[in-house]
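**Student:** Just dropping this structure here.
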Amino acid sequence: VNNYQKVLTNMAFQIAVKNTAEVMGFGVSIMVPLSLYLANWIASRENKKQLMWMLSPIAVPAACTVMVWRVLFASGGTLNQLLLLIGSEKISWMDGIYGKLVMMLLYIWKYTGYHTVIFLGALASVPKEYIETARVEGASERTIFWKIKIRCISPAIVFAAMLAMINALKSFREIYLLTGDYPSVAMYLLPHFLNNALRTLNYQRMSAAAILFSAAMIIIIGIMYV
């Protein structure tokens, strides 16, 4: 009990939970609808070649991803050089709200294609007779999407959202390589907290934080499946 109390009142843990919840919440709420839109767009086309380049971010090694992100978002990186060219000031991309945006952009870029494939499989299972009947009756494609497709694949949407939350934590590898053990306050996530507790051999703190987080995830997933 004392270990849980110490963790819950720990300022670093509170910051990590807050940042993780923000990045996960906003990232998932953007990435899942975007993946669903792309899947519906690809499914309506005869040429499925777009799917190949969308899956490429998953195959890119973490070190290569981090190298590109550093070139783009470093203090003297490409984006800041472009800002200087147009007469604007440099932006500290690895701090404050910009740091969270960088992390969410990394997450969305890496896993959008993966979830698009999930939704493509779900859309392929929608009975074609429902769609053909709706078209004969004069329903628009938007109406078909919202009234038929969304209802038919709602279990897949819940599953994809749950998987998206798990993948948000898996993107810590790239974020850790990008920021190190102790990044700016805005980019300090729960995996940083757990990793630092492990590095200092503080197993009580690490175990308590991991159990609390696991319990929170179980509750969230349970609510999603109710």
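Labels for the structure tokens follow display order: chains A, B, ..., residues from 1 in each chain, ligands from 1.
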Which neighbours of stretch 214-220 of chain A fall inside 10 Å, counting only C-alpha atoms, when residues of the same chain fewer than 4 positions from it are skipped, and could you give them as a PyMOL selection string?
**Tutor:** chain A and resi 162+165-166+208-210+224-225
**Student:** For the selection just defined, write its residues with N, CA, C and O atoms to a file, as a short mmCIF file (atom, residue, chain, number, x, y, z; two decimals), in the first residue's frame.
**Tutor:**
data_model
loop_
_atom_site.label_atom_id
_atom_site.label_comp_id
_atom_site.auth_asym_id
_atom_site.auth_seq_id
_atom_site.Cartn_x
_atom_site.Cartn_y
_atom_site.Cartn_z
N MET A 162 -8.85 -0.15 -29.38
CA MET A 162 -8.11 -0.80 -28.31
C MET A 162 -6.67 -1.07 -28.74
O MET A 162 -5.71 -0.82 -28.00
N MET A 165 -4.50 2.07 -28.79
CA MET A 165 -3.98 2.48 -27.49
C MET A 165 -2.73 1.69 -27.13
O MET A 165 -1.77 2.23 -26.57
N ILE A 166 -2.75 0.40 -27.45
CA ILE A 166 -1.57 -0.44 -27.18
C ILE A 166 -0.40 0.01 -28.05
O ILE A 166 0.74 0.11 -27.59
N ALA A 208 4.70 -1.01 -8.77
CA ALA A 208 3.47 -0.33 -8.38
C ALA A 208 2.91 0.48 -9.54
O ALA A 208 1.70 0.45 -9.81
N ALA A 209 3.78 1.21 -10.25
CA ALA A 209 3.33 2.01 -11.39
C ALA A 209 2.79 1.12 -12.50
O ALA A 209 1.76 1.44 -13.12
N ALA A 210 3.47 0.00 -12.76
CA ALA A 210 3.03 -0.91 -13.82
C ALA A 210 1.67 -1.52 -13.49
O ALA A 210 0.80 -1.65 -14.36
N MET A 224 -14.93 -0.10 -22.99
CA MET A 224 -15.09 -0.08 -24.44
C MET A 224 -15.90 -1.27 -24.94
O MET A 224 -16.63 -1.17 -25.93
N TYR A 225 -15.78 -2.42 -24.26
CA TYR A 225 -16.48 -3.61 -24.71
C TYR A 225 -17.85 -3.81 -24.05
O TYR A 225 -18.52 -4.79 -24.33
#
**Student:** What lies within 9 Å of stretch 169-178 of chain A using only C-alpha atoms, ignoring chain neighbours under 5 positions off, as a PyMOL selection string?
**Tutor:** chain A and resi 20+24+62-63+65-67+69-70+103+106-107+110+164+183+187+189-192
**Student:** As an exercise, work out the distance from atom CA of A:Val158 to atom CA of A:Ser35 in Å and give it to one decimal place.
**Tutor:**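 If I compute the distance from atom CA of A:Val158 to atom CA of A:Ser35, I get 13.2 Å.
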**Student:** Please indicate the distance in Å from atom CA of A:Tyr130 to atom CA of A:Val117, rounded to one decimal place.
**Tutor:**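 Distance reported for this atom pair: 22.1 Å.
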**Student:** Just list the residues in stretch 12-138 of chain A DSSP gives helix (DSSP H, G or I) on the backbone, as a count of residues only.
**Tutor:** 100
**Student:** Write out as JSON, numbers by chain the residues lying within 10 Å of A:Leu163, counting only C-alpha atoms and excluding same-chain residues fewer than 5 positions away.
**Tutor:** {"A": [28, 32, 115, 157, 158, 168, 221]}
**Student:** Given only C-alpha atoms as the basis, pick out the residue of A:Ala160, A:Val1, A:Ile58, A:Val7 nearest to A:Met31.
**Tutor:** A:Ala160
**Student:** Mind checking which residues fall within 6 Å of A:Thr116, counting only C-alpha atoms, ignoring those fewer than 2 positions away in the same chain, and posting them as a list in words?
**Tutor:**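 Within the cut-off, the hits are Ser35, Ala39, Gly113, Tyr114, Ile118 and Phe119 of chain A.
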**Student:** Hey, what's within 8 Å of A:Asp95 if we count only C-alpha atoms and toss same-chain stuff fewer than 2 positions away? As a short mmCIF file (atom, residue, chain, number, x, y, z; two decimals) with C-alpha atoms, in the first residue's frame, please?
**Tutor:**
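selection-v9.cif was written with the following content:
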data_model
loop_
_atom_site.label_atom_id
_atom_site.label_comp_id
_atom_site.auth_asym_id
_atom_site.auth_seq_id
_atom_site.Cartn_x
_atom_site.Cartn_y
_atom_site.Cartn_z
CA SER A 92 11.51 24.49 -29.96
CA TRP A 93 9.87 21.39 -31.41
CA ILE A 97 2.80 21.65 -26.94
CA TYR A 98 5.09 21.19 -29.94
CA GLY A 99 6.74 18.23 -28.25
CA LYS A 100 3.38 16.53 -27.85
CA SER A 184 11.42 17.93 -21.53
CA VAL A 185 8.49 17.88 -19.12
CA ALA A 186 5.99 17.92 -22.00
CA MET A 187 7.51 14.78 -23.55
#
**Student:** Considering only C-alpha atoms, can you say which of A:Ala161, A:Val126, A:Ile223, A:Leu120 comes closest to A:Gly25?
**Tutor:**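 The closest residue to A:Gly25 is A:Ala161.
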**Student:** If I take atom CA of A:Ala16 and atom CA of A:Tyr188, how far is one from the other in Å, to one decimal?
**Tutor:**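 So the two atoms, atom CA of A:Ala16 and atom CA of A:Tyr188, lie 5.5 Å apart.
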**Student:** Considering only C-alpha atoms, state which residue in the set A:Leu72, A:Leu34, A:Pro57, A:Arg205 is at the smallest distance from A:Tyr111.
**Tutor:**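 Among the listed residues, the smallest separation from A:Tyr111 belongs to A:Pro57.
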**Student:** Nearest to A:Leu55: which of A:Tyr203, A:Phe145, A:Phe73, A:Trp109 is it, counting only C-alpha atoms?
**Tutor:**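 Of all the options, A:Trp109 lies closest to A:Leu55.
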**Student:** Which residue is closest to A:Pro127? Choose from A:Ile148, A:Lys90, A:Phe26, A:Gly76 and count only C-alpha atoms.
**Tutor:** A:Ile148
